[in-house]
file start.txt (compact mmCIF, C-alpha atoms and all ligand atoms)
# COMPACT_ATOMS: atom_id res chain seq x y z
CA MET A 18 0.00 0.00 0.00
CA ASP A 19 1.40 3.39 -0.98
CA ARG A 20 1.36 5.02 2.40
CA ASP A 21 4.26 6.24 4.54
CA LYS A 22 5.18 3.89 7.31
CA ILE A 23 5.05 5.25 10.85
CA LEU A 24 8.61 5.74 12.11
CA LEU A 25 9.03 4.58 15.70
CA THR A 26 12.66 5.65 15.63
CA PRO A 27 14.65 8.47 17.25
CA GLY A 28 15.02 10.40 13.98
CA PRO A 29 14.29 10.61 11.18
CA LEU A 30 10.75 10.54 12.47
CA THR A 31 7.20 10.85 11.22
CA THR A 32 6.45 14.43 10.18
CA THR A 33 3.18 16.19 9.38
CA LEU A 34 1.95 16.75 5.84
CA ARG A 35 2.29 20.50 6.46
CA THR A 36 5.99 20.10 7.22
CA LYS A 37 6.52 17.94 4.14
CA LEU A 38 4.63 20.37 1.89
CA ALA A 39 6.85 23.24 3.02
CA MET A 40 9.67 21.60 1.07
CA LEU A 41 7.99 21.92 -2.35
CA LYS A 42 9.65 25.18 -3.26
CA ASP A 43 13.09 26.32 -4.39
CA TRP A 44 14.94 29.01 -2.46
CA GLY A 45 17.98 31.13 -3.26
CA SER A 46 20.55 30.87 -0.51
CA TRP A 47 21.44 34.60 -0.79
CA ASP A 48 17.84 35.73 -1.17
CA ALA A 49 16.20 37.96 1.44
CA ASP A 50 13.18 35.62 1.66
CA PHE A 51 15.35 32.70 2.67
CA ASN A 52 17.50 34.80 5.00
CA ALA A 53 14.31 35.83 6.80
CA VAL A 54 13.44 32.14 7.33
CA THR A 55 16.89 31.46 8.80
CA ALA A 56 16.57 34.49 11.12
CA ARG A 57 13.11 33.38 12.24
CA VAL A 58 14.30 29.84 12.96
CA ARG A 59 17.26 31.14 14.97
CA SER A 60 15.17 33.45 17.14
CA SER A 61 12.55 30.72 17.73
CA LEU A 62 15.25 28.27 18.82
CA LEU A 63 16.67 30.78 21.31
CA ALA A 64 13.17 31.41 22.67
CA ILE A 65 12.60 27.67 23.24
CA LEU A 66 15.77 27.60 25.34
CA HIS A 67 14.98 30.95 27.08
CA GLY A 68 18.49 31.77 25.94
CA ALA A 69 18.26 35.05 24.02
CA ASP A 70 20.13 36.96 26.75
CA SER A 71 22.81 34.39 27.50
CA HIS A 72 23.45 32.44 24.29
CA VAL A 73 23.73 32.66 20.52
CA VAL A 74 22.56 29.87 18.23
CA VAL A 75 24.63 28.63 15.31
CA PRO A 76 22.97 26.33 12.75
CA LEU A 77 25.16 23.86 10.88
CA GLN A 78 24.59 21.64 7.85
CA GLY A 79 24.67 17.88 8.43
CA SER A 80 23.30 15.34 10.89
CA GLY A 81 23.38 15.92 14.64
CA THR A 82 26.79 14.32 15.11
CA PHE A 83 28.32 16.94 12.78
CA SER A 84 27.23 19.61 15.24
CA VAL A 85 28.59 17.73 18.27
CA GLU A 86 31.93 17.40 16.52
CA ALA A 87 31.85 21.06 15.46
CA ALA A 88 31.06 22.13 19.03
CA VAL A 89 34.02 20.22 20.46
CA ALA A 90 36.38 21.58 17.79
CA THR A 91 35.13 25.16 18.26
CA LEU A 92 34.84 25.32 22.05
CA VAL A 93 37.57 23.13 23.50
CA PRO A 94 41.12 24.55 23.37
CA HIS A 95 43.68 22.28 21.70
CA ASP A 96 45.29 21.65 25.08
CA GLY A 97 41.90 21.23 26.78
CA HIS A 98 40.70 18.07 28.53
CA VAL A 99 37.23 16.65 27.82
CA LEU A 100 35.55 14.46 30.41
CA VAL A 101 32.65 12.43 29.01
CA LEU A 102 29.97 11.21 31.42
CA ASP A 103 29.45 7.84 29.81
CA ASN A 104 26.33 5.75 30.20
CA GLY A 105 25.75 4.62 26.65
CA ALA A 106 26.43 4.54 22.93
CA TYR A 107 26.01 8.26 22.18
CA CYS A 108 28.41 9.10 25.04
CA LYS A 109 31.00 6.77 23.51
CA ARG A 110 30.49 8.47 20.14
CA ALA A 111 31.11 11.90 21.75
CA ALA A 112 34.31 10.59 23.37
CA ARG A 113 35.53 9.13 20.09
CA LEU A 114 34.91 12.26 18.06
CA SER A 115 36.62 14.39 20.72
CA THR A 116 39.65 12.07 20.53
CA LEU A 117 39.67 12.33 16.73
CA MET A 118 39.56 16.13 17.09
CA GLY A 119 42.88 15.77 18.90
CA ARG A 120 41.65 16.71 22.37
CA LYS A 121 42.64 14.88 25.53
CA VAL A 122 39.64 12.78 26.54
CA SER A 123 38.73 10.75 29.57
CA SER A 124 35.47 9.07 30.53
CA LEU A 125 33.63 8.55 33.76
CA THR A 126 31.73 5.36 33.10
CA PHE A 127 28.33 4.43 34.54
CA ASP A 128 25.91 1.54 34.14
CA GLU A 129 23.89 1.98 30.93
CA ALA A 130 20.68 1.29 32.87
CA GLN A 131 21.33 4.20 35.26
CA PRO A 132 21.67 7.98 35.00
CA VAL A 133 25.13 9.47 35.45
CA ASP A 134 25.90 10.62 38.98
CA ALA A 135 26.58 14.33 39.61
CA ALA A 136 28.10 13.66 43.07
CA LEU A 137 30.66 11.27 41.55
CA LEU A 138 31.41 13.90 38.91
CA GLU A 139 32.04 16.44 41.64
CA SER A 140 34.52 14.26 43.53
CA HIS A 141 36.23 13.32 40.25
CA LEU A 142 36.62 16.98 39.24
CA GLN A 143 38.01 17.83 42.67
CA LYS A 144 40.69 15.18 42.21
CA ASP A 145 41.46 15.93 38.55
CA ARG A 146 41.82 19.68 38.08
CA SER A 147 42.97 19.32 34.45
CA VAL A 148 39.44 18.78 33.07
CA THR A 149 38.31 21.86 31.12
CA HIS A 150 35.01 20.58 29.64
CA VAL A 151 32.43 18.02 30.67
CA VAL A 152 30.25 16.38 28.01
CA LEU A 153 26.79 15.24 29.09
CA ILE A 154 24.23 13.46 26.93
CA HIS A 155 20.89 14.73 28.29
CA CYS A 156 18.77 11.81 27.09
CA GLU A 157 21.03 8.83 26.28
CA THR A 158 19.11 7.58 23.26
CA GLY A 159 21.00 4.26 23.38
CA ALA A 160 18.94 2.87 26.25
CA GLY A 161 16.59 5.85 26.74
CA VAL A 162 17.89 7.05 30.12
CA LEU A 163 17.26 10.61 31.31
CA ASN A 164 20.44 12.14 32.73
CA PRO A 165 20.42 14.83 35.48
CA LEU A 166 21.26 17.98 33.49
CA GLN A 167 20.46 20.40 36.30
CA ALA A 168 22.65 18.66 38.88
CA VAL A 169 25.57 18.20 36.47
CA ALA A 170 25.34 21.85 35.39
CA ALA A 171 25.41 22.96 39.02
CA VAL A 172 28.59 20.94 39.68
CA CYS A 173 30.30 22.32 36.56
CA GLU A 174 29.37 25.87 37.48
CA ARG A 175 30.57 25.45 41.07
CA LEU A 176 33.94 24.07 39.95
CA GLY A 177 34.40 26.44 37.02
CA VAL A 178 34.40 23.75 34.32
CA GLY A 179 32.76 24.18 30.91
CA LEU A 180 29.71 22.03 30.16
CA MET A 181 28.71 20.81 26.70
CA VAL A 182 25.30 19.18 26.50
CA ASP A 183 24.18 16.84 23.72
CA ALA A 184 20.44 17.52 23.98
CA MET A 185 19.75 16.02 20.58
CA SER A 186 16.86 13.79 21.61
CA SER A 187 15.52 15.99 24.42
CA PHE A 188 15.54 19.59 23.17
CA ALA A 189 12.00 20.96 22.69
CA ALA A 190 10.45 18.02 24.57
CA LEU A 191 12.13 18.12 27.98
CA GLU A 192 12.43 21.40 29.82
CA ILE A 193 15.79 23.13 29.41
CA ASP A 194 16.05 26.70 30.68
CA ALA A 195 19.25 28.64 30.00
CA ARG A 196 18.24 31.19 32.64
CA THR A 197 18.55 28.63 35.42
CA THR A 198 20.89 25.98 33.98
CA ARG A 199 24.37 27.05 32.98
CA PHE A 200 26.17 25.45 30.02
CA ASP A 201 28.75 26.62 27.49
CA ALA A 202 27.20 24.71 24.58
CA LEU A 203 24.02 22.77 23.93
CA ILE A 204 23.52 20.80 20.74
CA ALA A 205 20.33 19.62 19.02
CA ALA A 206 19.06 19.00 15.49
CA SER A 207 16.18 19.58 13.09
CA GLY A 208 14.94 16.00 12.82
CA LYS A 209 14.25 15.12 16.46
CA CYS A 210 11.68 16.51 18.91
CA LEU A 211 10.98 19.62 16.85
CA GLU A 212 9.62 17.15 14.26
CA GLY A 213 11.44 18.70 11.31
CA VAL A 214 13.29 16.67 8.70
CA PRO A 215 16.93 15.65 9.22
CA GLY A 216 19.77 17.62 7.65
CA MET A 217 20.91 20.33 10.07
CA GLY A 218 21.99 20.69 13.66
CA PHE A 219 22.31 23.79 15.80
CA VAL A 220 24.57 24.70 18.69
CA PHE A 221 23.73 27.18 21.42
CA ILE A 222 26.94 28.84 22.61
CA ARG A 223 27.18 30.97 25.75
CA LYS A 224 28.00 34.54 24.75
CA GLU A 225 30.80 34.83 27.32
CA VAL A 226 32.78 31.98 25.78
CA LEU A 227 32.15 32.92 22.15
CA ALA A 228 35.02 35.42 21.68
CA ALA A 229 37.64 32.88 22.78
CA CYS A 230 36.42 30.45 20.09
CA GLU A 231 37.71 32.51 17.17
CA GLY A 232 40.31 30.64 15.11
CA ARG A 233 40.26 27.56 17.31
CA SER A 234 38.57 24.95 15.11
CA GLN A 235 40.94 22.90 12.98
CA SER A 236 38.10 22.42 10.46
CA LEU A 237 37.02 24.99 7.89
CA ALA A 238 33.52 23.65 7.24
CA MET A 239 32.70 22.90 10.87
CA ASP A 240 34.01 26.09 12.46
CA LEU A 241 31.02 27.37 14.41
CA TYR A 242 32.68 30.69 15.20
CA ASP A 243 33.13 31.47 11.49
CA GLN A 244 29.62 30.26 10.72
CA TYR A 245 28.30 32.54 13.45
CA ALA A 246 30.35 35.60 12.43
CA TYR A 247 29.38 35.23 8.77
CA MET A 248 25.71 34.76 9.58
CA GLU A 249 25.66 37.80 11.84
CA LYS A 250 27.30 39.90 9.15
CA THR A 251 25.35 38.73 6.10
CA GLY A 252 22.26 36.91 7.35
CA GLN A 253 23.40 34.02 5.17
CA TRP A 254 24.85 30.59 5.76
CA ARG A 255 28.61 30.44 5.04
CA PHE A 256 28.30 27.54 2.60
CA THR A 257 25.29 26.12 0.70
CA PRO A 258 22.45 25.80 3.22
CA PRO A 259 20.07 22.82 3.31
CA THR A 260 17.30 25.17 2.14
CA HIS A 261 14.45 22.66 2.16
CA VAL A 262 15.43 21.41 5.61
CA VAL A 263 15.45 24.97 6.96
CA VAL A 264 12.00 25.87 5.62
CA ALA A 265 10.61 22.53 6.83
CA LEU A 266 12.05 23.29 10.27
CA ALA A 267 10.45 26.75 10.25
CA GLU A 268 7.10 25.12 9.45
CA ALA A 269 7.65 22.45 12.13
CA ILE A 270 8.47 25.13 14.71
CA ALA A 271 5.26 27.02 13.83
CA GLN A 272 3.29 23.83 14.57
CA PHE A 273 5.30 23.26 17.76
CA GLU A 274 4.27 26.74 18.93
CA GLU A 275 0.62 26.19 17.92
CA GLU A 276 0.56 22.90 19.83
CA GLY A 277 1.58 24.74 23.00
CA GLY A 278 5.38 24.57 22.94
CA GLN A 279 7.64 22.35 25.00
CA ALA A 280 5.10 21.59 27.75
CA ALA A 281 2.51 20.34 25.25
CA ARG A 282 5.10 18.29 23.38
CA LEU A 283 6.29 16.67 26.60
CA GLU A 284 2.71 15.85 27.50
CA ARG A 285 2.03 14.16 24.15
CA TYR A 286 5.29 12.19 24.23
CA THR A 287 4.61 11.18 27.83
CA ARG A 288 1.17 9.85 26.81
CA ASN A 289 2.81 8.04 23.87
CA CYS A 290 5.34 6.48 26.21
CA GLN A 291 2.74 5.43 28.79
CA THR A 292 0.46 3.97 26.11
CA LEU A 293 3.41 2.09 24.64
CA VAL A 294 4.69 0.63 27.90
CA ALA A 295 1.20 -0.37 29.11
CA GLY A 296 0.36 -2.02 25.76
CA MET A 297 3.67 -3.85 25.52
CA ARG A 298 3.48 -5.05 29.12
CA ALA A 299 0.04 -6.48 28.34
CA LEU A 300 1.71 -8.48 25.53
CA GLY A 301 4.34 -9.75 27.98
CA PHE A 302 7.21 -7.44 26.97
CA LYS A 303 9.53 -6.08 29.65
CA PRO A 304 11.04 -2.57 29.44
CA PHE A 305 14.79 -2.58 30.08
CA LEU A 306 14.80 0.51 32.29
CA ASP A 307 13.34 1.30 35.68
CA PRO A 308 10.41 3.68 34.98
CA ALA A 309 12.02 6.24 37.32
CA VAL A 310 14.96 6.79 34.93
CA GLN A 311 13.07 6.35 31.65
CA ALA A 312 12.85 9.47 29.45
CA PRO A 313 9.59 9.65 27.41
CA ILE A 314 11.62 9.63 24.17
CA ILE A 315 12.52 6.05 23.31
CA VAL A 316 11.88 2.79 25.16
CA THR A 317 14.18 -0.23 25.15
CA PHE A 318 12.44 -3.60 25.49
CA HIS A 319 13.96 -7.00 26.13
CA ALA A 320 13.67 -9.21 23.07
CA PRO A 321 10.73 -11.62 23.41
CA ASP A 322 11.63 -14.95 24.93
CA LEU A 323 10.44 -16.98 21.95
CA PRO A 324 12.20 -19.91 20.28
CA GLY A 325 13.85 -18.79 17.04
CA TYR A 326 13.30 -15.07 17.71
CA ASP A 327 15.31 -12.90 15.38
CA PHE A 328 15.07 -9.08 15.23
CA LYS A 329 15.23 -8.88 11.43
CA THR A 330 12.26 -11.23 10.98
CA PHE A 331 10.31 -9.47 13.72
CA TYR A 332 11.15 -6.07 12.19
CA ALA A 333 9.97 -7.22 8.75
CA ALA A 334 6.68 -8.57 10.14
CA VAL A 335 5.96 -5.29 11.96
CA ARG A 336 7.08 -3.29 8.92
CA ALA A 337 4.63 -5.19 6.74
CA ARG A 338 1.92 -3.80 9.02
CA GLY A 339 3.11 -0.21 8.56
CA PHE A 340 5.46 0.49 11.48
CA LEU A 341 9.25 0.77 11.65
CA LEU A 342 10.95 -0.35 14.87
CA TYR A 343 14.55 0.38 15.86
CA PRO A 344 17.23 -2.16 16.78
CA GLY A 345 18.63 -2.23 20.31
CA LYS A 346 21.97 -0.60 21.08
CA LEU A 347 23.01 -2.40 24.23
CA THR A 348 26.17 -4.42 24.30
CA GLN A 349 25.27 -7.28 26.63
CA ILE A 350 21.67 -8.26 26.03
CA GLU A 351 19.28 -8.63 23.11
CA THR A 352 16.83 -5.73 22.97
CA PHE A 353 14.91 -3.57 20.53
CA ARG A 354 13.74 0.04 20.79
CA VAL A 355 10.49 1.86 20.10
CA GLY A 356 10.49 5.64 19.75
CA CYS A 357 7.74 7.81 21.28
CA ILE A 358 8.63 10.96 19.33
CA GLY A 359 7.44 12.39 16.02
CA ALA A 360 4.10 13.61 14.69
CA ILE A 361 2.21 10.69 16.26
CA GLY A 362 -0.10 10.31 19.22
CA PRO A 363 -1.45 7.53 21.43
CA ASN A 364 -3.67 6.26 18.57
CA GLU A 365 -0.66 5.46 16.39
CA ILE A 366 1.10 3.90 19.37
CA THR A 367 -1.93 1.68 20.09
CA GLN A 368 -1.97 0.58 16.45
CA ALA A 369 1.78 -0.12 16.61
CA VAL A 370 1.34 -2.32 19.68
CA HIS A 371 -1.39 -4.20 17.83
CA ALA A 372 0.92 -4.65 14.84
CA ILE A 373 3.58 -6.07 17.17
CA GLU A 374 1.02 -8.47 18.64
CA LEU A 375 0.04 -9.71 15.18
CA ALA A 376 3.66 -9.95 14.07
CA LEU A 377 4.43 -12.35 16.91
CA ARG A 378 1.36 -14.54 16.36
CA PRO A 379 2.39 -17.63 14.42
CA GLY A 380 0.74 -18.26 11.06
CA GLN A 381 -0.53 -14.72 10.58
CA PRO A 382 1.00 -13.37 7.39
CA ALA A 383 0.63 -9.62 6.88
CA SER A 384 -1.85 -8.81 4.15
CA ARG A 385 -0.22 -5.52 3.27
CA SER A 386 3.28 -4.60 2.27
C1 LIG B 1 20.20 11.41 17.27
C2 LIG B 1 21.26 11.69 18.26
C3 LIG B 1 22.50 12.22 17.86
C4 LIG B 1 22.85 12.53 16.43
O1 LIG B 1 22.83 11.44 15.62
P1 LIG B 1 22.90 11.64 14.04
O2 LIG B 1 22.76 10.26 13.53
O3 LIG B 1 24.21 12.26 13.72
O4 LIG B 1 21.78 12.56 13.69
C5 LIG B 1 23.43 12.52 18.84
N1 LIG B 1 23.17 12.31 20.13
C6 LIG B 1 22.00 11.80 20.55
C7 LIG B 1 21.77 11.60 22.01
C8 LIG B 1 21.01 11.47 19.62
O5 LIG B 1 19.83 10.97 20.05
call {"tool": "encode", "arguments": {"input": "start.txt", "output": "structure tokens"}}
result
Amino acid sequence: MDRDKILLTPGPLTTTLRTKLAMLKDWGSWDADFNAVTARVRSSLLAILHGADSHVVVPLQGSGTFSVEAAVATLVPHDGHVLVLDNGAYCKRAARLSTLMGRKVSSLTFDEAQPVDAALLESHLQKDRSVTHVVLIHCETGAGVLNPLQAVAAVCERLGVGLMVDAMSSFAALEIDARTTRFDALIAASGKCLEGVPGMGFVFIRKEVLAACEGRSQSLAMDLYDQYAYMEKTGQWRFTPPTHVVVALAEAIAQFEEEGGQAARLERYTRNCQTLVAGMRALGFKPFLDPAVQAPIIVTFHAPDLPGYDFKTFYAAVRARGFLLYPGKLTQIETFRVGCIGAIGPNEITQAVHAIELALRPGQPASRS
């Protein structure tokens, strides 16, 4: 059947027709009409963070990881020391890219089923005074754990250490307030909880640290200081912008605001998550995380205890019924993940749970493909 499948993944995700339709137009990258869209997106992003007084926002072409890498290269001095609070796959990715950027990197490792611990961070930083920047993944999309941003930010502020937050899968859904939470950089992207399409990230940089970033990045294309300075001067992107992605994001942000902003989005995702967990439990599935540490973004489930279970076959059977699941990302045990984000509500989640039920029932071939 010629219908888009529902994406139960942490990006790309299901978008509205309105967002998709916004892409059916060509834009000149130097044109005033397009520059106005970029300016509008940037001021909306700062408003979501309550960061207009304290931060600037720098958009960057590419997937979210490009922006994390650009943030490290732009903010961390070459002789700096990055400490990654590691409780999952995206933390390990941040550590690896920081190493490849030539920075000294160490990790404080935690159980992937638990949030990172701000008190342990504090005692670690008191012992090791060489750390210049802490990297925190706000929602560790690997298992779905919510990490304590507020507490980690308080420790970093108290000890005078820079904080860089990967808020890729939490920004616009979970509350983040730059007026009360201090960080040097916070990174997110178009194709996550704002429900735009993938293709650009954006980095909020604290105004006080911006000046020192000039000339620091060893990359031309990923230098956020240059991107910022050029955009301020000309209103344009430094190199070819992902025009269709930007206008789709502007349209997605308009719908985000109409829905009621971050609080409304969190409420919808929370209902999605509750509907999902209740429905899956009724089918006998067990969530991997304790509900107390589960972010309402993506849920990891233990693979079903069935003879001959195989994720690829299971995935294909659910796909044939119109829903795309996500593989697990844990090292030790067999799991799969189901996203709660995107332009979907509890109805779609209920249908997805039903599709999963049918997919596991022997001798029930899907009628659609
Ligand atoms: C999605 C995501 C990213 C970026 O991944 P890309 O594949 O580069 O878009 C980074 N960190 C977290 C926590 C994410 O959820």
call {"tool": "axis_aligned_box", "arguments": {"input": "start.txt", "around": "ligand LIG 1 (chain B)", "padding_each_side": "3 Å", "output": "JSON"}}
result
{"center_x": 22.0, "center_y": 11.4, "center_z": 17.8, "size_x": 10.4, "size_y": 8.3, "size_z": 14.5}
call {"tool": "closest_residue", "arguments": {"input": "start.txt", "among": "A:Ala295, A:Val335, A:Leu125, A:Leu163", "to": "ligand LIG 1 (chain B)", "atoms": "all atoms listed in the file"}}
result
A:Leu163
call {"tool": "residues_near_ligand", "arguments": {"input": "start.txt", "ligand": "ligand LIG 1 (chain B)", "cutoff": "6 Å", "atoms": "all atoms listed in the file", "output": "NGL selection string"}}
result
:A and (80-82 or 107 or 154 or 156-158 or 183 or 185-186)
call {"tool": "residues_around", "arguments": {"input": "start.txt", "residues": "A:Gln235", "least_positions_apart": "3", "cutoff": "9 Å", "atoms": "all atoms listed in the file", "output": "ChimeraX atom specification"}}
result
/A:90-91,118,232,239-240
call {"tool": "atom_distance", "arguments": {"input": "start.txt", "atom1": "atom CA of A:Asp103", "atom2": "atom CA of A:Leu77"}}
result
25.2 Å
call {"tool": "residues_near_point", "arguments": {"input": "start.txt", "point": "(29.4, 39.1, 26.6)", "cutoff": "10 Å", "atoms": "all atoms listed in the file", "output": "list in words"}}
result
Asp70, Ser71, His72, Arg223, Lys224, Glu225, Val226, Leu227 and Ala228 of chain A
call {"tool": "write_last_selection", "arguments": {"input": "start.txt", "atoms": "C-alpha atoms", "output": "PDB file, in the coordinates of the input"}}
result
ATOM      1  CA  ASP A  70      20.130  36.960  26.750  1.00  0.00           C
ATOM      2  CA  SER A  71      22.810  34.390  27.500  1.00  0.00           C
ATOM      3  CA  HIS A  72      23.450  32.440  24.290  1.00  0.00           C
ATOM      4  CA  ARG A 223      27.180  30.970  25.750  1.00  0.00           C
ATOM      5  CA  LYS A 224      28.000  34.540  24.750  1.00  0.00           C
ATOM      6  CA  GLU A 225      30.800  34.830  27.320  1.00  0.00           C
ATOM      7  CA  VAL A 226      32.780  31.980  25.780  1.00  0.00           C
ATOM      8  CA  LEU A 227      32.150  32.920  22.150  1.00  0.00           C
ATOM      9  CA  ALA A 228      35.020  35.420  21.680  1.00  0.00           C
TER      10      ALA A 228
END
call {"tool": "closest_residue", "arguments": {"input": "start.txt", "among": "A:Asn289, A:Gln279, A:Gln368, A:Gln78", "to": "A:Pro259", "atoms": "all atoms listed in the file"}}
result
A:Gln78
call {"tool": "atom_distance", "arguments": {"input": "start.txt", "atom1": "atom CA of A:Gly252", "atom2": "atom CA of A:Gly278"}}
result
26.1 Å
call {"tool": "residues_near_point", "arguments": {"input": "start.txt", "point": "(10.3, 4.4, 20.8)", "cutoff": "9 Å", "atoms": "all atoms listed in the file", "output": "count of residues only"}}
result
20
call {"tool": "residues_around", "arguments": {"input": "start.txt", "residues": "A:Asn104", "least_positions_apart": "6", "cutoff": "7 Å", "atoms": "all atoms listed in the file", "output": "ChimeraX atom specification"}}
result
/A:126-129,133
call {"tool": "residues_around", "arguments": {"input": "start.txt", "residues": "A:Ile373", "least_positions_apart": "6", "cutoff": "9 Å", "atoms": "only C-alpha atoms", "output": "list of chain:residue names"}}
result
A:Met297, A:Leu300, A:Phe331, A:Ala334, A:Val335, A:Arg338, A:Phe340
call {"tool": "write_last_selection", "arguments": {"input": "start.txt", "atoms": "C-alpha atoms", "output": "PDB file, keeping the file's coordinate frame"}}
result
ATOM      1  CA  MET A 297       3.670  -3.850  25.520  1.00  0.00           C
ATOM      2  CA  LEU A 300       1.710  -8.480  25.530  1.00  0.00           C
ATOM      3  CA  PHE A 331      10.310  -9.470  13.720  1.00  0.00           C
ATOM      4  CA  ALA A 334       6.680  -8.570  10.140  1.00  0.00           C
ATOM      5  CA  VAL A 335       5.960  -5.290  11.960  1.00  0.00           C
ATOM      6  CA  ARG A 338       1.920  -3.800   9.020  1.00  0.00           C
ATOM      7  CA  PHE A 340       5.460   0.490  11.480  1.00  0.00           C
TER       8      PHE A 340
END
call {"tool": "atom_distance", "arguments": {"input": "start.txt", "atom1": "atom CA of A:Glu86", "atom2": "atom CA of A:Asp48"}}
result
29.1 Å
call {"tool": "closest_residue", "arguments": {"input": "start.txt", "among": "A:Glu139, A:Thr55, A:Leu377, A:Arg233", "to": "A:Met217", "atoms": "only C-alpha atoms"}}
result
A:Thr55
call {"tool": "closest_residue", "arguments": {"input": "start.txt", "among": "A:Ser60, A:Gln272, A:Thr197, A:Thr149", "to": "A:Gly179", "atoms": "only C-alpha atoms"}}
result
A:Thr149
call {"tool": "residues_around", "arguments": {"input": "start.txt", "residues": "A:Gly339", "least_positions_apart": "3", "cutoff": "12 Å", "atoms": "only C-alpha atoms", "output": "PDB file with C-alpha atoms, in the frame of the given file"}}
result
ATOM      1  CA  MET A  18       0.000   0.000   0.000  1.00  0.00           C
ATOM      2  CA  ASP A  19       1.400   3.390  -0.980  1.00  0.00           C
ATOM      3  CA  ARG A  20       1.360   5.020   2.400  1.00  0.00           C
ATOM      4  CA  ASP A  21       4.260   6.240   4.540  1.00  0.00           C
ATOM      5  CA  LYS A  22       5.180   3.890   7.310  1.00  0.00           C
ATOM      6  CA  ILE A  23       5.050   5.250  10.850  1.00  0.00           C
ATOM      7  CA  LEU A  24       8.610   5.740  12.110  1.00  0.00           C
ATOM      8  CA  LEU A  25       9.030   4.580  15.700  1.00  0.00           C
ATOM      9  CA  TYR A 332      11.150  -6.070  12.190  1.00  0.00           C
ATOM     10  CA  ALA A 333       9.970  -7.220   8.750  1.00  0.00           C
ATOM     11  CA  ALA A 334       6.680  -8.570  10.140  1.00  0.00           C
ATOM     12  CA  VAL A 335       5.960  -5.290  11.960  1.00  0.00           C
ATOM     13  CA  ARG A 336       7.080  -3.290   8.920  1.00  0.00           C
ATOM     14  CA  LEU A 342      10.950  -0.350  14.870  1.00  0.00           C
ATOM     15  CA  GLU A 365      -0.660   5.460  16.390  1.00  0.00           C
ATOM     16  CA  ILE A 366       1.100   3.900  19.370  1.00  0.00           C
ATOM     17  CA  GLN A 368      -1.970   0.580  16.450  1.00  0.00           C
ATOM     18  CA  ALA A 369       1.780  -0.120  16.610  1.00  0.00           C
ATOM     19  CA  VAL A 370       1.340  -2.320  19.680  1.00  0.00           C
ATOM     20  CA  HIS A 371      -1.390  -4.200  17.830  1.00  0.00           C
ATOM     21  CA  ALA A 372       0.920  -4.650  14.840  1.00  0.00           C
ATOM     22  CA  ILE A 373       3.580  -6.070  17.170  1.00  0.00           C
ATOM     23  CA  LEU A 375       0.040  -9.710  15.180  1.00  0.00           C
ATOM     24  CA  ALA A 376       3.660  -9.950  14.070  1.00  0.00           C
ATOM     25  CA  ALA A 383       0.630  -9.620   6.880  1.00  0.00           C
ATOM     26  CA  SER A 384      -1.850  -8.810   4.150  1.00  0.00           C
ATOM     27  CA  ARG A 385      -0.220  -5.520   3.270  1.00  0.00           C
ATOM     28  CA  SER A 386       3.280  -4.600   2.270  1.00  0.00           C
TER      29      SER A 386
END
call {"tool": "closest_residue", "arguments": {"input": "start.txt", "among": "A:Val220, A:Val162, A:Ala56, A:Ala281", "to": "A:Asp307", "atoms": "all atoms listed in the file"}}
result
A:Val162
call {"tool": "closest_residue", "arguments": {"input": "start.txt", "among": "A:Leu306, A:His150, A:Glu351, A:Glu268", "to": "A:Asp327", "atoms": "all atoms listed in the file"}}
result
A:Glu351
